[in-house]
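Participant: To be precise about what I am sending: the file is called target.cif and holds mmCIF, C-alpha atoms.
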data_structure
#
loop_
_atom_site.group_PDB
_atom_site.id
_atom_site.type_symbol
_atom_site.label_atom_id
_atom_site.label_comp_id
_atom_site.auth_asym_id
_atom_site.auth_seq_id
_atom_site.Cartn_x
_atom_site.Cartn_y
_atom_site.Cartn_z
ATOM 1 C CA MET A 1 104.291 24.789 128.399
ATOM 2 C CA ARG A 2 101.722 23.904 125.789
ATOM 3 C CA LYS A 3 99.864 26.812 124.320
ATOM 4 C CA ALA A 4 96.152 26.701 123.680
ATOM 5 C CA LEU A 5 94.552 27.863 120.469
ATOM 6 C CA GLY A 6 91.653 29.446 122.293
ATOM 7 C CA THR A 7 90.244 30.505 125.643
ATOM 8 C CA HIS A 8 86.660 29.614 126.517
ATOM 9 C CA VAL A 9 85.057 31.237 129.530
ATOM 10 C CA ILE A 10 81.845 29.695 130.839
ATOM 11 C CA VAL A 11 79.848 32.416 132.584
ATOM 12 C CA GLU A 12 76.794 31.658 134.704
ATOM 13 C CA LEU A 13 74.714 34.648 135.786
ATOM 14 C CA PHE A 14 72.517 33.827 138.766
ATOM 15 C CA ASP A 15 69.676 35.890 140.242
ATOM 16 C CA CYS A 16 69.641 38.440 137.462
ATOM 17 C CA ASN A 17 67.025 41.130 137.108
ATOM 18 C CA PRO A 18 64.468 39.026 135.173
ATOM 19 C CA ASN A 19 63.262 42.070 133.264
ATOM 20 C CA THR A 20 66.638 42.234 131.539
ATOM 21 C CA LEU A 21 66.351 38.637 130.277
ATOM 22 C CA THR A 22 62.986 38.630 128.555
ATOM 23 C CA ASN A 23 63.404 40.967 125.638
ATOM 24 C CA LYS A 24 65.368 40.026 122.521
ATOM 25 C CA GLU A 25 66.360 43.584 121.698
ATOM 26 C CA TYR A 26 67.678 44.232 125.193
ATOM 27 C CA VAL A 27 69.686 40.986 125.341
ATOM 28 C CA GLU A 28 71.034 41.567 121.836
ATOM 29 C CA ARG A 29 72.171 45.089 122.607
ATOM 30 C CA ALA A 30 73.759 43.919 125.871
ATOM 31 C CA LEU A 31 75.802 41.068 124.362
ATOM 32 C CA LEU A 32 76.886 43.217 121.419
ATOM 33 C CA ARG A 33 77.996 45.870 123.883
ATOM 34 C CA ALA A 34 80.006 43.241 125.769
ATOM 35 C CA ALA A 35 81.615 42.237 122.470
ATOM 36 C CA HIS A 36 82.448 45.754 121.333
ATOM 37 C CA GLU A 37 83.718 46.972 124.693
ATOM 38 C CA SER A 38 85.939 43.906 125.137
ATOM 39 C CA ASN A 39 87.599 44.614 121.748
ATOM 40 C CA ALA A 40 85.977 41.727 119.884
ATOM 41 C CA LYS A 41 85.510 42.267 116.159
ATOM 42 C CA VAL A 42 81.913 41.363 115.373
ATOM 43 C CA VAL A 43 81.371 39.405 112.147
ATOM 44 C CA ASP A 44 77.659 38.699 112.514
ATOM 45 C CA HIS A 45 75.023 38.095 115.127
ATOM 46 C CA PHE A 46 71.699 36.368 115.497
ATOM 47 C CA PHE A 47 69.168 36.496 118.326
ATOM 48 C CA HIS A 48 65.981 34.537 118.792
ATOM 49 C CA GLN A 49 62.998 35.200 121.047
ATOM 50 C CA PHE A 50 61.401 32.139 122.573
ATOM 51 C CA LYS A 51 57.768 31.917 123.573
ATOM 52 C CA PRO A 52 56.625 32.354 126.258
ATOM 53 C CA TYR A 53 59.988 33.681 127.377
ATOM 54 C CA GLY A 54 63.716 33.351 126.966
ATOM 55 C CA VAL A 55 66.241 34.574 124.449
ATOM 56 C CA SER A 56 69.051 32.778 122.609
ATOM 57 C CA GLY A 57 71.766 34.762 120.925
ATOM 58 C CA VAL A 58 75.077 34.234 119.173
ATOM 59 C CA VAL A 59 77.653 36.794 118.180
ATOM 60 C CA VAL A 60 80.252 35.467 115.764
ATOM 61 C CA ILE A 61 83.464 37.412 116.242
ATOM 62 C CA GLU A 62 86.732 37.228 114.358
ATOM 63 C CA GLU A 63 88.179 35.766 117.531
ATOM 64 C CA SER A 64 85.477 32.972 117.773
ATOM 65 C CA HIS A 65 82.102 33.585 119.478
ATOM 66 C CA TYR A 66 80.023 34.946 122.325
ATOM 67 C CA THR A 67 76.666 33.293 123.085
ATOM 68 C CA ILE A 68 73.852 33.761 125.571
ATOM 69 C CA HIS A 69 70.762 31.818 126.627
ATOM 70 C CA THR A 70 68.348 33.315 129.136
ATOM 71 C CA TRP A 71 65.787 31.773 131.477
ATOM 72 C CA PRO A 72 63.895 34.780 132.866
ATOM 73 C CA GLU A 73 61.680 32.479 134.919
ATOM 74 C CA HIS A 74 64.806 31.391 136.802
ATOM 75 C CA ALA A 75 66.521 34.798 136.680
ATOM 76 C CA PHE A 76 69.387 32.914 135.040
ATOM 77 C CA ALA A 77 71.547 33.392 131.952
ATOM 78 C CA ALA A 78 74.265 31.149 130.519
ATOM 79 C CA VAL A 79 76.966 33.014 128.612
ATOM 80 C CA ASP A 80 79.967 31.689 126.685
ATOM 81 C CA LEU A 81 82.923 33.838 125.746
ATOM 82 C CA PHE A 82 85.204 31.952 123.355
ATOM 83 C CA PHE A 83 88.146 33.814 121.854
ATOM 84 C CA CYS A 84 91.585 33.290 120.405
ATOM 85 C CA SER A 85 93.253 36.642 120.831
ATOM 86 C CA ASP A 86 95.171 38.276 123.640
ATOM 87 C CA ASP A 87 93.471 41.536 122.714
ATOM 88 C CA ILE A 88 90.128 40.517 124.220
ATOM 89 C CA ASP A 89 89.423 42.313 127.495
ATOM 90 C CA LEU A 90 87.692 39.508 129.358
ATOM 91 C CA GLU A 91 87.205 41.503 132.540
ATOM 92 C CA ARG A 92 85.464 44.250 130.608
ATOM 93 C CA ALA A 93 83.128 41.749 128.943
ATOM 94 C CA ILE A 94 82.118 40.340 132.323
ATOM 95 C CA GLU A 95 81.684 43.826 133.770
ATOM 96 C CA VAL A 96 79.287 44.722 130.941
ATOM 97 C CA LEU A 97 77.312 41.519 131.588
ATOM 98 C CA ARG A 98 77.137 42.460 135.263
ATOM 99 C CA GLU A 99 75.877 45.950 134.461
ATOM 100 C CA GLU A 100 73.317 44.791 131.908
ATOM 101 C CA PHE A 101 71.800 41.785 133.699
ATOM 102 C CA GLN A 102 72.412 42.742 137.350
ATOM 103 C CA PRO A 103 73.153 39.227 138.683
ATOM 104 C CA ASP A 104 73.568 38.701 142.414
ATOM 105 C CA ARG A 105 76.191 36.033 141.687
ATOM 106 C CA ILE A 106 78.462 35.195 138.773
ATOM 107 C CA SER A 107 80.343 31.940 138.275
ATOM 108 C CA THR A 108 83.143 31.809 135.704
ATOM 109 C CA VAL A 109 85.180 28.832 134.563
ATOM 110 C CA GLU A 110 88.013 29.313 132.090
ATOM 111 C CA LEU A 111 88.790 26.455 129.737
ATOM 112 C CA LYS A 112 91.738 26.193 127.371
ATOM 113 C CA ARG A 113 90.646 24.952 123.944
ATOM 114 C CA GLY A 114 92.977 23.230 121.502
ATOM 115 C CA LEU A 115 95.840 22.357 123.824
ATOM 116 C CA LEU A 116 98.212 20.975 121.222
ATOM 117 C CA PRO A 117 101.774 19.810 121.772
ATOM 118 C CA ASP A 118 102.964 21.506 118.581
ATOM 119 C CA VAL A 119 101.630 24.962 119.387
ATOM 120 C CA SER A 120 104.666 26.554 120.975
ATOM 121 C CA TYR A 121 104.629 29.920 119.222
ATOM 122 C CA SER A 122 102.248 32.792 119.700
ATOM 123 C CA PHE A 123 99.218 31.782 117.711
ATOM 124 C CA ASN A 124 96.640 34.098 119.032
ATOM 125 C CA ASN A 125 94.399 35.195 116.265
ATOM 126 C CA ARG A 126 93.531 34.768 112.634
ATOM 127 C CA GLU A 127 95.558 37.758 111.528
ATOM 128 C CA LYS A 128 98.671 36.394 113.175
ATOM 129 C CA ALA A 129 97.923 33.052 111.572
ATOM 130 C CA GLU A 130 98.297 34.701 108.213
ATOM 131 C CA VAL A 131 101.721 36.037 109.137
ATOM 132 C CA VAL A 132 102.834 32.675 110.466
ATOM 133 C CA SER A 133 101.750 30.953 107.284
ATOM 134 C CA ASP A 134 103.986 33.210 105.235
ATOM 135 C CA LEU A 135 107.134 32.310 107.141
ATOM 136 C CA MET B 1 69.533 16.257 143.416
ATOM 137 C CA ARG B 2 69.634 19.593 141.704
ATOM 138 C CA LYS B 3 68.597 19.611 138.097
ATOM 139 C CA ALA B 4 70.433 21.621 135.482
ATOM 140 C CA LEU B 5 68.722 23.791 132.898
ATOM 141 C CA GLY B 6 71.115 22.708 130.177
ATOM 142 C CA THR B 7 73.860 20.311 129.158
ATOM 143 C CA HIS B 8 76.972 21.674 127.483
ATOM 144 C CA VAL B 9 79.382 19.249 125.876
ATOM 145 C CA ILE B 10 82.844 20.539 125.006
ATOM 146 C CA VAL B 11 84.181 18.481 122.095
ATOM 147 C CA GLU B 12 87.799 18.681 120.952
ATOM 148 C CA LEU B 13 88.607 16.961 117.670
ATOM 149 C CA PHE B 14 92.331 16.255 117.335
ATOM 150 C CA ASP B 15 94.259 15.118 114.256
ATOM 151 C CA CYS B 16 91.348 15.520 111.882
ATOM 152 C CA ASN B 17 91.613 15.197 108.125
ATOM 153 C CA PRO B 18 92.659 18.819 107.428
ATOM 154 C CA ASN B 19 90.872 18.781 104.079
ATOM 155 C CA THR B 20 87.570 18.545 105.954
ATOM 156 C CA LEU B 21 88.287 21.695 107.992
ATOM 157 C CA THR B 22 89.137 24.251 105.309
ATOM 158 C CA ASN B 23 85.934 24.698 103.376
ATOM 159 C CA LYS B 24 82.985 26.648 104.744
ATOM 160 C CA GLU B 25 80.403 24.682 102.788
ATOM 161 C CA TYR B 26 81.767 21.341 103.982
ATOM 162 C CA VAL B 27 81.930 22.402 107.642
ATOM 163 C CA GLU B 28 78.466 23.940 107.452
ATOM 164 C CA ARG B 29 76.930 20.844 105.939
ATOM 165 C CA ALA B 30 78.659 18.649 108.528
ATOM 166 C CA LEU B 31 77.528 20.589 111.600
ATOM 167 C CA LEU B 32 73.990 20.917 110.251
ATOM 168 C CA ARG B 33 73.966 17.175 109.680
ATOM 169 C CA ALA B 34 75.091 16.636 113.282
ATOM 170 C CA ALA B 35 72.242 18.894 114.413
ATOM 171 C CA HIS B 36 69.551 17.240 112.311
ATOM 172 C CA GLU B 37 70.627 13.667 113.039
ATOM 173 C CA SER B 38 70.794 14.328 116.788
ATOM 174 C CA ASN B 39 67.180 15.588 116.743
ATOM 175 C CA ALA B 40 68.014 19.261 117.239
ATOM 176 C CA LYS B 41 65.514 21.720 115.783
ATOM 177 C CA VAL B 42 67.514 24.227 113.764
ATOM 178 C CA VAL B 43 66.376 27.843 114.092
ATOM 179 C CA ASP B 44 69.140 29.487 112.087
ATOM 180 C CA HIS B 45 72.813 29.086 111.231
ATOM 181 C CA PHE B 46 75.749 31.207 110.210
ATOM 182 C CA PHE B 47 79.186 30.160 108.958
ATOM 183 C CA HIS B 48 82.211 32.296 108.207
ATOM 184 C CA GLN B 49 85.312 31.505 106.156
ATOM 185 C CA PHE B 50 88.550 32.921 107.498
ATOM 186 C CA LYS B 51 91.523 33.808 105.341
ATOM 187 C CA PRO B 52 93.899 32.140 104.826
ATOM 188 C CA TYR B 53 92.119 29.217 106.463
ATOM 189 C CA GLY B 54 89.697 28.242 109.164
ATOM 190 C CA VAL B 55 85.937 28.239 109.532
ATOM 191 C CA SER B 56 83.681 29.468 112.345
ATOM 192 C CA GLY B 57 80.091 28.366 112.484
ATOM 193 C CA VAL B 58 77.090 28.589 114.766
ATOM 194 C CA VAL B 59 73.829 26.723 114.578
ATOM 195 C CA VAL B 60 71.114 28.161 116.792
ATOM 196 C CA ILE B 61 68.740 25.382 117.747
ATOM 197 C CA GLU B 62 65.532 25.496 119.746
ATOM 198 C CA GLU B 63 67.427 23.595 122.411
ATOM 199 C CA SER B 64 70.321 26.199 122.534
ATOM 200 C CA HIS B 65 73.303 25.999 120.134
ATOM 201 C CA TYR B 66 75.992 24.012 118.343
ATOM 202 C CA THR B 67 79.195 25.810 117.327
ATOM 203 C CA ILE B 68 82.444 24.923 115.583
ATOM 204 C CA HIS B 69 85.802 26.578 115.013
ATOM 205 C CA THR B 70 88.403 24.887 112.827
ATOM 206 C CA TRP B 71 92.191 25.229 112.601
ATOM 207 C CA PRO B 72 93.106 23.202 109.495
ATOM 208 C CA GLU B 73 96.770 24.045 109.999
ATOM 209 C CA HIS B 74 96.604 22.145 113.286
ATOM 210 C CA ALA B 75 94.133 19.511 112.096
ATOM 211 C CA PHE B 76 92.005 20.650 115.036
ATOM 212 C CA ALA B 77 88.386 21.629 115.549
ATOM 213 C CA ALA B 78 86.633 22.901 118.686
ATOM 214 C CA VAL B 79 82.939 22.017 118.866
ATOM 215 C CA ASP B 80 80.325 22.967 121.453
ATOM 216 C CA LEU B 81 77.031 21.145 121.818
ATOM 217 C CA PHE B 82 74.756 23.045 124.209
ATOM 218 C CA PHE B 83 71.205 21.788 124.624
ATOM 219 C CA CYS B 84 68.335 21.753 127.072
ATOM 220 C CA SER B 85 66.288 18.777 125.976
ATOM 221 C CA ASP B 86 66.404 15.109 126.755
ATOM 222 C CA ASP B 87 65.509 14.456 123.131
ATOM 223 C CA ILE B 88 68.973 15.341 121.838
ATOM 224 C CA ASP B 89 70.941 12.265 120.789
ATOM 225 C CA LEU B 90 74.406 13.342 121.926
ATOM 226 C CA GLU B 91 76.106 10.127 120.862
ATOM 227 C CA ARG B 92 74.723 10.504 117.357
ATOM 228 C CA ALA B 93 75.983 14.102 117.142
ATOM 229 C CA ILE B 94 79.484 12.995 118.116
ATOM 230 C CA GLU B 95 79.353 10.077 115.700
ATOM 231 C CA VAL B 96 78.505 12.451 112.832
ATOM 232 C CA LEU B 97 81.416 14.708 113.822
ATOM 233 C CA ARG B 98 83.694 11.657 113.796
ATOM 234 C CA GLU B 99 82.509 10.626 110.351
ATOM 235 C CA GLU B 100 82.762 14.103 108.853
ATOM 236 C CA PHE B 101 86.109 15.267 110.271
ATOM 237 C CA GLN B 102 87.884 11.921 110.768
ATOM 238 C CA PRO B 103 89.745 12.800 113.998
ATOM 239 C CA ASP B 104 92.285 10.380 115.435
ATOM 240 C CA ARG B 105 91.253 11.440 118.929
ATOM 241 C CA ILE B 106 88.190 13.071 120.484
ATOM 242 C CA SER B 107 87.985 14.628 123.923
ATOM 243 C CA THR B 108 84.583 15.377 125.427
ATOM 244 C CA VAL B 109 83.741 17.153 128.659
ATOM 245 C CA GLU B 110 80.149 17.472 129.771
ATOM 246 C CA LEU B 111 79.165 20.503 131.814
ATOM 247 C CA LYS B 112 75.861 21.137 133.525
ATOM 248 C CA ARG B 113 74.658 24.690 132.933
ATOM 249 C CA GLY B 114 72.238 26.477 135.225
ATOM 250 C CA LEU B 115 72.461 24.265 138.281
ATOM 251 C CA LEU B 116 69.788 25.960 140.343
ATOM 252 C CA PRO B 117 68.508 24.894 143.756
ATOM 253 C CA ASP B 118 64.907 25.597 142.767
ATOM 254 C CA VAL B 119 64.867 23.465 139.606
ATOM 255 C CA SER B 120 63.579 20.206 140.954
ATOM 256 C CA TYR B 121 61.068 19.383 138.274
ATOM 257 C CA SER B 122 61.673 18.296 134.731
ATOM 258 C CA PHE B 123 62.518 21.483 132.928
ATOM 259 C CA ASN B 124 64.067 20.241 129.799
ATOM 260 C CA ASN B 125 63.024 22.417 126.951
ATOM 261 C CA ARG B 126 61.188 25.529 125.926
ATOM 262 C CA GLU B 127 57.992 23.691 125.121
ATOM 263 C CA LYS B 128 57.849 22.182 128.575
ATOM 264 C CA ALA B 129 58.545 25.629 129.981
ATOM 265 C CA GLU B 130 55.303 26.775 128.479
ATOM 266 C CA VAL B 131 53.396 23.996 130.183
ATOM 267 C CA VAL B 132 55.041 24.722 133.521
ATOM 268 C CA SER B 133 54.198 28.413 133.259
ATOM 269 C CA ASP B 134 50.513 27.581 132.939
ATOM 270 C CA LEU B 135 50.359 25.626 136.171
#
Please, can you express the file's structure as structure tokens?
Facilitator:
Amino acid sequence: MRKALGTHVIVELFDCNPNTLTNKEYVERALLRAAHESNAKVVDHFFHQFKPYGVSGVVVIEESHYTIHTWPEHAFAAVDLFFCSDDIDLERAIEVLREEFQPDRISTVELKRGLLPDVSYSFNNREKAEVVSDL
Amino acid sequence: MRKALGTHVIVELFDCNPNTLTNKEYVERALLRAAHESNAKVVDHFFHQFKPYGVSGVVVIEESHYTIHTWPEHAFAAVDLFFCSDDIDLERAIEVLREEFQPDRISTVELKRGLLPDVSYSFNNREKAEVVSDL
């Protein structure tokens, strides 16, 4: 079986509590919490408040990235969880999103990124890459 | 027909020129060029060099985000182009990626994000959102 370099989970949060989607600081704290509690190693993050409403945010992690875009006027948020490590606790990340944004419905689609025929060994994160390169 | 809040294009660049994938400055310049030439309005950007190799980068745009993760050792890059504006020239963005990273093969998958039953009007970017909110 071909092994993917990364896992990319598309998360759609429908019918959220709109009050949780309007404020940059709240959204930032929530996505960072999802990152930390799912074992992601945060490298940097950037959040932007749109006028009149809406927040965009990216968290660069050693394992790739988490992003969020909110539409409070539609009670909707689009989240991406992209990671290349078996250590990421995906279920925990989604549970934190559920707690923070209180959606009535969540849709998730999991994509494999970098499905390469020559990736047959365990190539799960950047640290392991370093080991592999020394072989 | 239901209208989506955003368009998310998953771009996989296979068999790139590995020399184009190793250097943070090169990758940063390339993705920013893709953003500018596809009419995206750049809000901020952040790029990170991994050791021993690989680059992660995010460009936050007013229309959402572009991201890239490179695996020079596999001549592979994973790019995401997420935008909520009809003004984005997707074909131009992909053409710039092709020029900069010289892949032998590109796979693209286009996802609609935020497919909501109540979005029947043209709700394509944050500026239009402001107009709609005043109605």
Participant: Residues of chain A near chain B: apply a cut-off of 8 Å, count only C-alpha atoms, and supply the list as a list in words.
Facilitator: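 Output check: Glu12, Phe50, Lys51, Pro52, Ser56, Gly57, Val58, Val60, Ser64, His69, Phe76, Ala77, Ala78, Arg113, Gly114, Arg126, Ala129 and Glu130 of chain A.
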Participant: Between atom CA of A:Pro18 and atom CA of A:Leu31, what is the distance, to one decimal in Å?
Facilitator: 15.8 Å
Participant: So which residues get picked by the PyMOL selection byres ((chain B and resi 96) around 9) here, written as a PyMOL selection string?
Facilitator: chain B and resi 30-31+33-34+37-38+91-95+97-101
Participant: Can you work out which one of A:Thr22, A:Asn17, A:Arg29, A:Ala40 has the shortest atom-to-atom distance to A:Asp86, counting all atoms listed in the file?
Facilitator: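 Among A:Thr22, A:Asn17, A:Arg29, A:Ala40, it is A:Ala40 that comes nearest to A:Asp86.
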Participant: Nearest residue to A:Pro103 out of A:Ala4, A:Leu90, A:Ala75, A:Val42, using only C-alpha atoms?
Facilitator: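 Comparing A:Ala4, A:Leu90, A:Ala75, A:Val42 against A:Pro103, the winner is A:Ala75.
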Participant: Of the candidates A:Thr7, A:Thr20, A:Ser85, A:Gln49, which shows the shortest atom-to-atom distance to A:Lys112, using all atoms listed in the file?
Facilitator: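 Comparing A:Thr7, A:Thr20, A:Ser85, A:Gln49 against A:Lys112, the winner is A:Thr7.
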Participant: As an exercise, work out the distance from atom CA of A:Lys41 to atom CA of B:Ala35 in Å and give it to one decimal place.
Facilitator: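 Going from atom CA of A:Lys41 over to atom CA of B:Ala35 covers 26.9 Å.
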Participant: Grab the atom CA of A:Glu28 to atom CA of A:Cys84 distance for me, in Å with one decimal place.
Facilitator: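 Atom CA of A:Glu28 sits 22.2 Å away from atom CA of A:Cys84.
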Participant: Can you pull out the residues contacting B:Val9? Cut-off 7 Å, using all atoms listed in the file, and skip same-chain residues under 6 positions away; I want them as a PyMOL selection string.
Facilitator: chain B and resi 80-82+108-111
Participant: Go ahead and dump the residues you just picked, C-alpha atoms, as an mmCIF file, keeping the file's coordinate frame.
Facilitator:
data_model
loop_
_atom_site.group_PDB
_atom_site.id
_atom_site.type_symbol
_atom_site.label_atom_id
_atom_site.label_comp_id
_atom_site.auth_asym_id
_atom_site.auth_seq_id
_atom_site.Cartn_x
_atom_site.Cartn_y
_atom_site.Cartn_z
ATOM 1 C CA ASP B 80 80.325 22.967 121.453
ATOM 2 C CA LEU B 81 77.031 21.145 121.818
ATOM 3 C CA PHE B 82 74.756 23.045 124.209
ATOM 4 C CA THR B 108 84.583 15.377 125.427
ATOM 5 C CA VAL B 109 83.741 17.153 128.659
ATOM 6 C CA GLU B 110 80.149 17.472 129.771
ATOM 7 C CA LEU B 111 79.165 20.503 131.814
#
Participant: Please rebuild stretch 12-30 of chain A with N, CA, C and O atoms and give the result as a short mmCIF file (atom, residue, chain, number, x, y, z; two decimals), keeping the file's coordinate frame.
Facilitator:
data_model
loop_
_atom_site.label_atom_id
_atom_site.label_comp_id
_atom_site.auth_asym_id
_atom_site.auth_seq_id
_atom_site.Cartn_x
_atom_site.Cartn_y
_atom_site.Cartn_z
N GLU A 12 78.14 31.93 134.22
CA GLU A 12 76.79 31.66 134.70
C GLU A 12 76.35 32.86 135.53
O GLU A 12 77.01 33.24 136.50
N LEU A 13 75.23 33.45 135.11
CA LEU A 13 74.71 34.65 135.79
C LEU A 13 73.47 34.26 136.58
O LEU A 13 72.43 33.95 136.00
N PHE A 14 73.61 34.26 137.89
CA PHE A 14 72.52 33.83 138.77
C PHE A 14 71.79 35.03 139.36
O PHE A 14 72.41 36.05 139.67
N ASP A 15 70.48 34.86 139.57
CA ASP A 15 69.68 35.89 140.24
C ASP A 15 69.82 37.24 139.56
O ASP A 15 70.10 38.26 140.21
N CYS A 16 69.64 37.20 138.24
CA CYS A 16 69.64 38.44 137.46
C CYS A 16 68.34 39.21 137.71
O CYS A 16 67.38 38.68 138.29
N ASN A 17 68.30 40.41 137.21
CA ASN A 17 67.03 41.13 137.11
C ASN A 17 66.25 40.50 135.95
O ASN A 17 66.65 40.63 134.80
N PRO A 18 65.15 39.78 136.24
CA PRO A 18 64.47 39.03 135.17
C PRO A 18 64.01 39.90 134.02
O PRO A 18 63.91 39.45 132.89
N ASN A 19 63.72 41.17 134.32
CA ASN A 19 63.26 42.07 133.26
C ASN A 19 64.31 42.27 132.18
O ASN A 19 63.98 42.65 131.05
N THR A 20 65.57 42.05 132.53
CA THR A 20 66.64 42.23 131.54
C THR A 20 66.80 41.01 130.65
O THR A 20 67.54 41.06 129.67
N LEU A 21 66.12 39.91 130.97
CA LEU A 21 66.35 38.64 130.28
C LEU A 21 65.25 38.27 129.31
O LEU A 21 65.36 37.29 128.57
N THR A 22 64.17 39.05 129.30
CA THR A 22 62.99 38.63 128.56
C THR A 22 62.94 39.15 127.12
O THR A 22 62.31 38.54 126.26
N ASN A 23 63.60 40.25 126.89
CA ASN A 23 63.40 40.97 125.64
C ASN A 23 64.58 40.77 124.70
O ASN A 23 65.73 41.06 125.04
N LYS A 24 64.31 40.31 123.49
CA LYS A 24 65.37 40.03 122.52
C LYS A 24 66.23 41.25 122.25
O LYS A 24 67.47 41.15 122.23
N GLU A 25 65.59 42.39 122.05
CA GLU A 25 66.36 43.58 121.70
C GLU A 25 67.31 43.98 122.83
O GLU A 25 68.44 44.38 122.59
N TYR A 26 66.83 43.86 124.06
CA TYR A 26 67.68 44.23 125.19
C TYR A 26 68.88 43.29 125.30
O TYR A 26 70.03 43.72 125.43
N VAL A 27 68.60 41.98 125.21
CA VAL A 27 69.69 40.99 125.34
C VAL A 27 70.69 41.14 124.20
O VAL A 27 71.91 41.07 124.41
N GLU A 28 70.17 41.39 123.00
CA GLU A 28 71.03 41.57 121.84
C GLU A 28 71.96 42.78 122.02
O GLU A 28 73.17 42.69 121.80
N ARG A 29 71.37 43.87 122.42
CA ARG A 29 72.17 45.09 122.61
C ARG A 29 73.23 44.87 123.69
O ARG A 29 74.38 45.30 123.57
N ALA A 30 72.84 44.14 124.75
CA ALA A 30 73.76 43.92 125.87
C ALA A 30 74.95 43.05 125.46
O ALA A 30 76.11 43.36 125.77
#
